[in-house]
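Participant: My questions will all concern the structure given below.
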Amino acid sequence: MNDKQLKKIKIFDTTLRDGEQSPGASMNIEEKLNLARQLARLGVDVIEAGFPIASEGDFEAVKAIAQEIKGIEIAGLARANEKDIYRAYSAVKFAEKPVIHTFIATSDIHLKYKLRMSRDELYEKAVNMVKYAKSLTEKVEFSAEDAARSDFNFLCRVIEGVIEAGATSVNIPDTVGYATPFEFFDFIKKIKEKVKGIGDITLSVHCHNDLGLAVANSLSAILAGIGQVECTINGIGERAGNAALEEIVMALELRKDIYNAVTGVNTTELYRTSQLLTHITGISVQPNKAIVGKNAFSHEAGIHQDGVLKEKATYEIMTPERVGRQANELVLGKHSGMHAFKEKIISLGYLLKDEEIEAAFVKFKGLADRKKDIYDEDIDSLIAKSHPAEKYELKYLNVVCGDTVTPLSMVKIMVDGELRQDSSFGNGPVDAAVNAIEKIVASKSKAIAYEVKSIRGTTEAQGDVSVTIENSGIQITGRSAHTDIVVASAKAYVNALNKLYVRNNSVDKSVCGMEMHS
Ligand code: KIV
Ligand code: ZN
């Protein structure tokens with residue numbers, strides 16, 4: 001069967017909205033724009049860019065993405081009320097193809113305890129809010145939150161109502177990841193059979209991963225005839241996350257015989273997109289993660305290695321190149337000039353302005369002085385680094401440590417242009433550095449997670465550090481890479497503080513803590 005005869009499945013990426021709701025995954029505008037550019041290169045059909053009413057920062061990010069990213073749909077999320085919907089409209093209206101995505105829960109459990117509404121009241125609200133959204137934009141998506149646990153007949157009544165009111169797509173979320181694949185297949189099939197007008201709109205699903213079934217449920221829904229799937233890069237999202245985009249796309253790509261479907265995704269951009277997200281959020285995927293995990297294409301057992309050497313197909317169902325993992329890469333070093341660096345940047349798919357390339361080249365030269373071989377991952381980490389607001393900047397770090405001394409650090413930090421310094425002991429050199437930073441900034445943050453990985457190479461490799469801090473219930477992850485892991489750790493901590501500062505100064509407090517999204 002050739003691809004033209006296969007059904008096209010729209011990929012609705014919600015990494016920047018549901019994905020960003022993962023603890024520690026918040027991103028600033030520059031980072032969101034960077035990721036949106038990569039999602040466009042990847043070939044998704046819809047980017048859900050954020051939840052504009054949630055904060056000023058979210059609004060500005062959705063607006064910036066709508067203004068810049070052309071050719072694909074840009075959606076903004078809104079609860080089913082006029083204020084949210086108008087705010088979402090005000091941000092997405094700059095897009096070539098704007099979408100207002102409005103949602104309200106339809107399950108009895110949400111109606112009773114969260115919304116405190118009757119089914120009839122809910123029905124009215126959903127229909128009226130879709131009408132209102134439709135008066136603002138042509139494309140309106142309606143999501144029946146917790147659809148998978150909703151009363152079937154009531155759900156169908158709501159879907160029929162919102163279609164009549166003008167919804168162009170209707171999303172069936174398994175908000176709490178409770179569904180199982182056969183059950184979800186039947187559920188979608190029955191909705192398709194029962195709801196009038198369902199064939200005139202795009203039917204979508206949005207599965208969470210609480211039982212590890214998000215991808216399986218999404219694929220079942222594709223078999224049952226949906227036209228769009230909502231997913232995130234690396235499967236990040238609320239709680240256990242959302243369906244992983246890369247897994248759905250590769251399942252469809254490899255098993256056309258089963259799914260009879262294609263997507264518009266350029267699969268060779270999958271790995272880069274996953275890496276970019278990891279660099280931005282500081283959240284790595286587990287080594288055995290399908291498609292993008294470190295070990296996804298490694299063969300350890302002797303029998304497997306022998307088989308692969310004789311014929312790759314013995315143990316490999318896809319080549320690493322097919323998902324953008326390079327077999328032969330050009331490694332840069334300190335003798336590499338601007339030309340080679342620029343070529344590398346282009347080959348990695350980055351679209352940078354000349355001044356951005358020059359700034360990255362300066363950082364590259366600094367790194368090349370400390371490290372012999374510069375791999376693609378090193379370049380990704382140089383480019384992905386962003387400098388939100390830079391309220392705090394690490395200017396100096398000196399740590400005395402060893403097996404017979406109590407580690408002692410001396411730190412200087414520029415705070416709003418003023419140089420401050422302090423010193424502290426600690427349980428180890430990193431702890432000493434972080435304690436001194438906290439003495440200076442007094443943010444009252446607590447480090448709750450800390451991870452160091454090497455970016456390839458051996459003992460001269462860069463240490464890639466991520467630190468997650470918690471402050472007043474907010475978790476933020478900072479990240480940095482350096483050949484000195486204590487420096488990388490201090491910088492990662494400062495990066496987290498800068499992100500926290502941006503967040504605290506942009507969040508609309510009136511929306512925080514309200515029931516909003518899942
Ligand atoms: O999980 C969910 O129900 C959601 C909706 C807002 C689509 O994220
Ligand atoms: Zn969700």
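Just remember, in the structure tokens the first chain shown is A, the second B, etc., residues are 1-based per chain, and ligands are 1-based in the order shown.
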Looking only at the backbone, which of the residues in region 118-271 of chain A does DSSP tag as strand (DSSP E), as a list in words?
Facilitator: Lys139, Val140, Glu141, Phe142, Ser143, Ala144, Glu145, Ser169, Val170, Asn171, Ile172, Pro173, Asp174, Thr202, Leu203, Ser204, Val205, His206, Cys207, Gln228, Val229, Glu230, Cys231, Ala261 and Val262 of chain A
Participant: Could you pull out the residues sitting within 10 Å of ligand 1, using only C-alpha atoms and all ligand atoms, and write them as a short mmCIF file (atom, residue, chain, number, x, y, z; two decimals) with N, CA and C atoms, in the first residue's frame?
Facilitator:
data_model
loop_
_atom_site.label_atom_id
_atom_site.label_comp_id
_atom_site.auth_asym_id
_atom_site.auth_seq_id
_atom_site.Cartn_x
_atom_site.Cartn_y
_atom_site.Cartn_z
N THR A 14 1.37 18.78 22.57
CA THR A 14 1.04 19.60 23.74
C THR A 14 2.19 19.66 24.76
N ARG A 17 2.27 22.80 26.68
CA ARG A 17 1.15 23.07 27.59
C ARG A 17 1.05 21.95 28.63
N ASP A 18 0.54 20.78 28.24
CA ASP A 18 0.43 19.70 29.23
C ASP A 18 1.82 19.27 29.68
N GLY A 19 2.75 19.21 28.72
CA GLY A 19 4.12 18.79 29.05
C GLY A 19 4.75 19.74 30.05
N GLN A 21 3.39 21.21 32.30
CA GLN A 21 2.81 21.03 33.64
C GLN A 21 3.54 19.96 34.45
N PHE A 51 -1.26 28.04 27.94
CA PHE A 51 -2.54 28.28 28.59
C PHE A 51 -2.56 29.78 28.94
N LEU A 77 -4.96 27.08 25.22
CA LEU A 77 -5.97 26.41 26.05
C LEU A 77 -6.78 27.44 26.85
N ALA A 78 -8.04 27.10 27.07
CA ALA A 78 -8.93 27.98 27.84
C ALA A 78 -9.97 27.12 28.56
N ARG A 79 -10.23 27.42 29.84
CA ARG A 79 -11.38 26.78 30.47
C ARG A 79 -12.64 27.32 29.79
N HIS A 101 -8.71 26.23 22.14
CA HIS A 101 -8.98 24.90 22.69
C HIS A 101 -9.65 25.09 24.04
N THR A 102 -10.95 24.85 24.09
CA THR A 102 -11.65 25.05 25.36
C THR A 102 -12.10 23.71 25.94
N PHE A 103 -12.10 23.63 27.27
CA PHE A 103 -12.40 22.33 27.88
C PHE A 103 -13.24 22.50 29.14
N ILE A 104 -13.99 21.44 29.41
CA ILE A 104 -14.69 21.34 30.70
C ILE A 104 -14.94 19.86 30.96
N ALA A 105 -14.95 19.49 32.24
CA ALA A 105 -15.07 18.07 32.56
C ALA A 105 -16.51 17.59 32.42
N GLU A 141 -11.41 23.80 19.22
CA GLU A 141 -11.40 22.41 19.71
C GLU A 141 -12.11 22.40 21.06
N PHE A 142 -12.95 21.39 21.24
CA PHE A 142 -13.59 21.20 22.54
C PHE A 142 -13.07 19.90 23.15
N SER A 143 -12.65 19.96 24.42
CA SER A 143 -12.24 18.75 25.13
C SER A 143 -13.19 18.46 26.26
N ALA A 144 -13.66 17.23 26.31
CA ALA A 144 -14.51 16.78 27.41
C ALA A 144 -13.58 16.15 28.44
N GLU A 145 -13.10 16.98 29.36
CA GLU A 145 -12.12 16.48 30.34
C GLU A 145 -12.71 15.26 31.08
N ASP A 146 -11.86 14.29 31.33
CA ASP A 146 -12.25 13.04 32.00
C ASP A 146 -13.32 12.28 31.21
N ALA A 147 -13.26 12.43 29.89
CA ALA A 147 -14.26 11.77 29.02
C ALA A 147 -14.31 10.27 29.26
N ALA A 148 -13.14 9.66 29.44
CA ALA A 148 -13.10 8.20 29.54
C ALA A 148 -13.85 7.68 30.76
N VAL A 170 -13.12 17.66 18.26
CA VAL A 170 -13.58 17.26 19.58
C VAL A 170 -12.59 16.26 20.12
N ASN A 171 -12.13 16.55 21.33
CA ASN A 171 -11.09 15.74 21.93
C ASN A 171 -11.66 14.88 23.06
N ILE A 172 -11.27 13.60 23.07
CA ILE A 172 -11.74 12.66 24.09
C ILE A 172 -10.56 12.32 24.99
N PRO A 173 -10.37 13.04 26.08
CA PRO A 173 -9.21 12.74 26.93
C PRO A 173 -9.46 11.58 27.89
N ASP A 174 -8.42 10.80 28.08
CA ASP A 174 -8.40 9.87 29.21
C ASP A 174 -7.54 10.60 30.25
N THR A 175 -8.16 11.54 30.91
CA THR A 175 -7.44 12.51 31.74
C THR A 175 -6.63 11.86 32.86
N VAL A 176 -7.16 10.78 33.42
CA VAL A 176 -6.47 10.18 34.56
C VAL A 176 -5.78 8.86 34.20
N GLY A 177 -5.68 8.56 32.92
CA GLY A 177 -4.95 7.37 32.48
C GLY A 177 -5.55 6.07 32.99
N SER A 204 -10.37 13.56 18.16
CA SER A 204 -9.02 13.53 18.72
C SER A 204 -9.01 12.75 20.04
N VAL A 205 -7.86 12.22 20.42
CA VAL A 205 -7.74 11.66 21.77
C VAL A 205 -6.51 12.24 22.45
N HIS A 206 -6.53 12.14 23.78
CA HIS A 206 -5.48 12.75 24.61
C HIS A 206 -5.34 11.83 25.82
N CYS A 207 -4.33 10.98 25.79
CA CYS A 207 -4.25 9.93 26.82
C CYS A 207 -3.12 10.18 27.81
N HIS A 208 -3.44 10.02 29.07
CA HIS A 208 -2.41 10.12 30.12
C HIS A 208 -1.90 8.73 30.46
N GLU A 230 -3.17 13.55 20.52
CA GLU A 230 -2.48 14.58 21.30
C GLU A 230 -1.38 13.91 22.12
N GLY A 237 4.46 15.32 30.98
CA GLY A 237 3.11 15.84 31.24
C GLY A 237 2.71 15.60 32.68
N GLU A 238 1.49 15.99 32.99
CA GLU A 238 0.96 15.83 34.35
C GLU A 238 1.22 14.42 34.89
N GLY A 241 2.62 11.57 33.01
CA GLY A 241 2.85 12.09 31.67
C GLY A 241 1.76 11.79 30.67
N ASN A 242 2.04 12.20 29.43
CA ASN A 242 1.11 12.02 28.31
C ASN A 242 1.67 10.95 27.38
N MET A 516 -7.75 23.87 37.07
CA MET A 516 -7.64 24.39 35.73
C MET A 516 -7.46 23.29 34.72
N HIS A 517 -6.52 22.41 34.96
CA HIS A 517 -6.14 21.55 33.87
C HIS A 517 -5.61 20.25 34.37
N SER A 518 -5.55 19.29 33.45
CA SER A 518 -5.06 17.99 33.85
C SER A 518 -4.02 17.54 32.88
#
Participant: Give me the residues within 10 Å of Phe341 (chain A) as JSON, numbers by chain, counting only C-alpha atoms and dropping any in the same chain fewer than 4 places off.
Facilitator: {"A": [332, 333, 336, 337, 345, 346, 347, 357, 358, 360, 361, 364, 379]}
Participant: So, counting only C-alpha atoms and all ligand atoms, which residue among A:Gly235, A:Gly302, A:Pro98, A:Gly426 is closest to ligand 2?
Facilitator: A:Gly235
Participant: Please provide as an MDAnalysis selection string all residues within 10 Å of Glu124 (chain A), with the sequence filter that same-chain residues fewer than 6 positions apart are discarded (counting only C-alpha atoms).
Facilitator: chainID A and resid 158 161:162
Participant: My list of candidates is A:Ala490, A:Leu203, A:Leu16, A:Leu155. Which is closest to ligand 2 when distances are computed with only C-alpha atoms and all ligand atoms?
Facilitator: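 Distance minimum relative to ligand 2 lands on A:Leu16.
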Participant: Write out as a PDB file with all heavy atoms, in the first residue's frame each polymer residue whose atoms come within 9 Å of Lys93 (chain A), counting only C-alpha atoms; drop sequence neighbours fewer than 4 positions from it.
Facilitator:
ATOM      1  N   LYS A  63       1.685  34.073  22.370  1.00  0.00           N
ATOM      2  CA  LYS A  63       1.627  35.149  21.370  1.00  0.00           C
ATOM      3  C   LYS A  63       2.887  35.136  20.483  1.00  0.00           C
ATOM      4  O   LYS A  63       2.793  35.220  19.256  1.00  0.00           O
ATOM      5  CB  LYS A  63       1.501  36.492  22.111  1.00  0.00           C
ATOM      6  CG  LYS A  63       1.397  37.681  21.219  1.00  0.00           C
ATOM      7  CD  LYS A  63       1.112  38.914  22.055  1.00  0.00           C
ATOM      8  CE  LYS A  63       1.490  40.153  21.248  1.00  0.00           C
ATOM      9  NZ  LYS A  63       1.448  41.364  22.053  1.00  0.00           N
ATOM     10  N   ALA A  66       2.707  32.271  18.137  1.00  0.00           N
ATOM     11  CA  ALA A  66       1.694  32.538  17.102  1.00  0.00           C
ATOM     12  C   ALA A  66       2.237  33.520  16.070  1.00  0.00           C
ATOM     13  O   ALA A  66       1.974  33.378  14.862  1.00  0.00           O
ATOM     14  CB  ALA A  66       0.428  33.088  17.753  1.00  0.00           C
ATOM     15  N   GLN A  67       3.002  34.488  16.548  1.00  0.00           N
ATOM     16  CA  GLN A  67       3.534  35.485  15.612  1.00  0.00           C
ATOM     17  C   GLN A  67       4.606  34.905  14.705  1.00  0.00           C
ATOM     18  O   GLN A  67       4.715  35.263  13.539  1.00  0.00           O
ATOM     19  CB  GLN A  67       4.122  36.673  16.392  1.00  0.00           C
ATOM     20  CG  GLN A  67       3.053  37.640  16.852  1.00  0.00           C
ATOM     21  CD  GLN A  67       3.573  38.660  17.845  1.00  0.00           C
ATOM     22  OE1 GLN A  67       4.495  38.397  18.615  1.00  0.00           O
ATOM     23  NE2 GLN A  67       2.963  39.833  17.855  1.00  0.00           N
ATOM     24  N   ALA A  88      -7.226  33.484  25.516  1.00  0.00           N
ATOM     25  CA  ALA A  88      -6.583  32.550  24.575  1.00  0.00           C
ATOM     26  C   ALA A  88      -6.640  33.128  23.163  1.00  0.00           C
ATOM     27  O   ALA A  88      -5.646  33.121  22.420  1.00  0.00           O
ATOM     28  CB  ALA A  88      -7.275  31.186  24.622  1.00  0.00           C
ATOM     29  N   TYR A  89      -7.798  33.674  22.817  1.00  0.00           N
ATOM     30  CA  TYR A  89      -7.951  34.272  21.487  1.00  0.00           C
ATOM     31  C   TYR A  89      -6.936  35.403  21.295  1.00  0.00           C
ATOM     32  O   TYR A  89      -6.288  35.512  20.243  1.00  0.00           O
ATOM     33  CB  TYR A  89      -9.384  34.783  21.318  1.00  0.00           C
ATOM     34  CG  TYR A  89      -9.532  35.731  20.167  1.00  0.00           C
ATOM     35  CD1 TYR A  89      -9.420  35.270  18.850  1.00  0.00           C
ATOM     36  CD2 TYR A  89      -9.745  37.098  20.381  1.00  0.00           C
ATOM     37  CE1 TYR A  89      -9.517  36.147  17.786  1.00  0.00           C
ATOM     38  CE2 TYR A  89      -9.843  37.971  19.321  1.00  0.00           C
ATOM     39  CZ  TYR A  89      -9.716  37.501  18.027  1.00  0.00           C
ATOM     40  OH  TYR A  89      -9.796  38.368  16.977  1.00  0.00           O
ATOM     41  N   LYS A  97      -2.929  30.095  11.523  1.00  0.00           N
ATOM     42  CA  LYS A  97      -4.042  29.167  11.751  1.00  0.00           C
ATOM     43  C   LYS A  97      -4.308  29.064  13.258  1.00  0.00           C
ATOM     44  O   LYS A  97      -3.862  28.121  13.916  1.00  0.00           O
ATOM     45  CB  LYS A  97      -3.680  27.780  11.209  1.00  0.00           C
ATOM     46  CG  LYS A  97      -3.361  27.763   9.725  1.00  0.00           C
ATOM     47  CD  LYS A  97      -3.024  26.339   9.301  1.00  0.00           C
ATOM     48  CE  LYS A  97      -2.603  26.284   7.854  1.00  0.00           C
ATOM     49  NZ  LYS A  97      -2.214  24.940   7.437  1.00  0.00           N
ATOM     50  N   PRO A  98      -5.016  30.035  13.810  1.00  0.00           N
ATOM     51  CA  PRO A  98      -5.256  30.011  15.260  1.00  0.00           C
ATOM     52  C   PRO A  98      -6.317  28.990  15.669  1.00  0.00           C
ATOM     53  O   PRO A  98      -7.265  28.754  14.926  1.00  0.00           O
ATOM     54  CB  PRO A  98      -5.763  31.427  15.554  1.00  0.00           C
ATOM     55  CG  PRO A  98      -6.281  31.945  14.255  1.00  0.00           C
ATOM     56  CD  PRO A  98      -5.615  31.204  13.142  1.00  0.00           C
ATOM     57  N   VAL A  99      -6.131  28.407  16.846  1.00  0.00           N
ATOM     58  CA  VAL A  99      -7.122  27.473  17.391  1.00  0.00           C
ATOM     59  C   VAL A  99      -7.385  27.846  18.844  1.00  0.00           C
ATOM     60  O   VAL A  99      -6.450  28.018  19.624  1.00  0.00           O
ATOM     61  CB  VAL A  99      -6.598  26.010  17.377  1.00  0.00           C
ATOM     62  CG1 VAL A  99      -7.671  25.046  17.899  1.00  0.00           C
ATOM     63  CG2 VAL A  99      -6.132  25.585  15.995  1.00  0.00           C
ATOM     64  N   LEU A 136     -15.044  33.996  17.656  1.00  0.00           N
ATOM     65  CA  LEU A 136     -13.724  34.632  17.610  1.00  0.00           C
ATOM     66  C   LEU A 136     -12.795  33.989  16.584  1.00  0.00           C
ATOM     67  O   LEU A 136     -12.026  34.677  15.923  1.00  0.00           O
ATOM     68  CB  LEU A 136     -13.063  34.555  19.004  1.00  0.00           C
ATOM     69  CG  LEU A 136     -13.839  35.218  20.155  1.00  0.00           C
ATOM     70  CD1 LEU A 136     -13.227  34.866  21.495  1.00  0.00           C
ATOM     71  CD2 LEU A 136     -13.874  36.739  19.973  1.00  0.00           C
ATOM     72  N   THR A 137     -12.824  32.650  16.497  1.00  0.00           N
ATOM     73  CA  THR A 137     -11.947  31.968  15.515  1.00  0.00           C
ATOM     74  C   THR A 137     -12.726  30.878  14.791  1.00  0.00           C
ATOM     75  O   THR A 137     -13.684  30.326  15.314  1.00  0.00           O
ATOM     76  CB  THR A 137     -10.756  31.235  16.192  1.00  0.00           C
ATOM     77  OG1 THR A 137     -11.262  30.362  17.186  1.00  0.00           O
ATOM     78  CG2 THR A 137      -9.737  32.157  16.774  1.00  0.00           C
TER      79      THR A 137
END
Participant: How many Å separate CA of Tyr315 (chain A) from CA of Ala296 (chain A)?
Facilitator: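 Answer for the CA of Tyr315 (chain A) to CA of Ala296 (chain A) separation: 11.5 Å.
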Participant: Among region 143-230 of chain A, which residues carry a DSSP assignment of alpha helix (DSSP H), reported as a ChimeraX atom specification?
Facilitator: /A:152-164,181-194,214-223
Participant: Output the selection as a compact mmCIF listing (two decimals), in the first residue's frame - C-alpha atoms for each residue.
Facilitator:
# COMPACT_ATOMS: atom_id res chain seq x y z
CA PHE A 152 -21.47 7.47 27.80
CA ASN A 153 -24.86 8.86 26.80
CA PHE A 154 -24.26 12.19 28.47
CA LEU A 155 -20.83 12.48 26.85
CA CYS A 156 -22.37 11.83 23.43
CA ARG A 157 -25.03 14.47 24.09
CA VAL A 158 -22.34 17.03 24.93
CA ILE A 159 -20.27 16.12 21.88
CA GLU A 160 -23.30 16.46 19.61
CA GLY A 161 -24.12 19.83 21.19
CA VAL A 162 -20.63 21.28 20.74
CA ILE A 163 -20.44 20.06 17.15
CA GLU A 164 -23.72 21.83 16.42
CA PRO A 181 -6.66 -0.44 25.02
CA PHE A 182 -9.59 -2.72 24.04
CA GLU A 183 -12.01 -0.73 26.17
CA PHE A 184 -10.83 2.56 24.67
CA PHE A 185 -11.11 1.15 21.14
CA ASP A 186 -14.78 0.23 21.80
CA PHE A 187 -15.45 3.55 23.47
CA ILE A 188 -14.21 5.54 20.45
CA LYS A 189 -15.98 3.23 17.99
CA LYS A 190 -19.26 3.66 19.85
CA ILE A 191 -18.88 7.46 19.95
CA LYS A 192 -18.31 7.39 16.19
CA GLU A 193 -21.43 5.30 15.67
CA LYS A 194 -23.70 7.28 17.99
CA ALA A 214 -1.10 6.14 27.06
CA VAL A 215 0.57 5.15 23.79
CA ALA A 216 -1.33 1.85 23.56
CA ASN A 217 -4.64 3.62 24.14
CA SER A 218 -3.81 6.29 21.55
CA LEU A 219 -2.95 3.62 18.99
CA SER A 220 -6.19 1.76 19.77
CA ALA A 221 -8.09 4.98 19.14
CA ILE A 222 -6.31 5.32 15.80
CA LEU A 223 -7.49 1.82 14.90
Participant: With a distance cut-off of 10 Å and only C-alpha atoms, select the neighbouring residues of region 278-288 of chain A, excluding the residue or stretch itself and same-chain residues fewer than 4 positions from it, and output the selection as JSON, numbers by chain.
Facilitator: {"A": [20, 22, 23, 24, 25, 26, 27, 28, 31, 32, 34, 35, 233, 234, 235, 236, 272, 273, 274, 292, 293, 294, 295, 296, 297, 298, 377, 380, 381, 382, 383, 384, 385, 386, 451, 453, 464, 465, 466, 467, 468, 476, 477, 478, 479, 480, 481, 492, 496]}
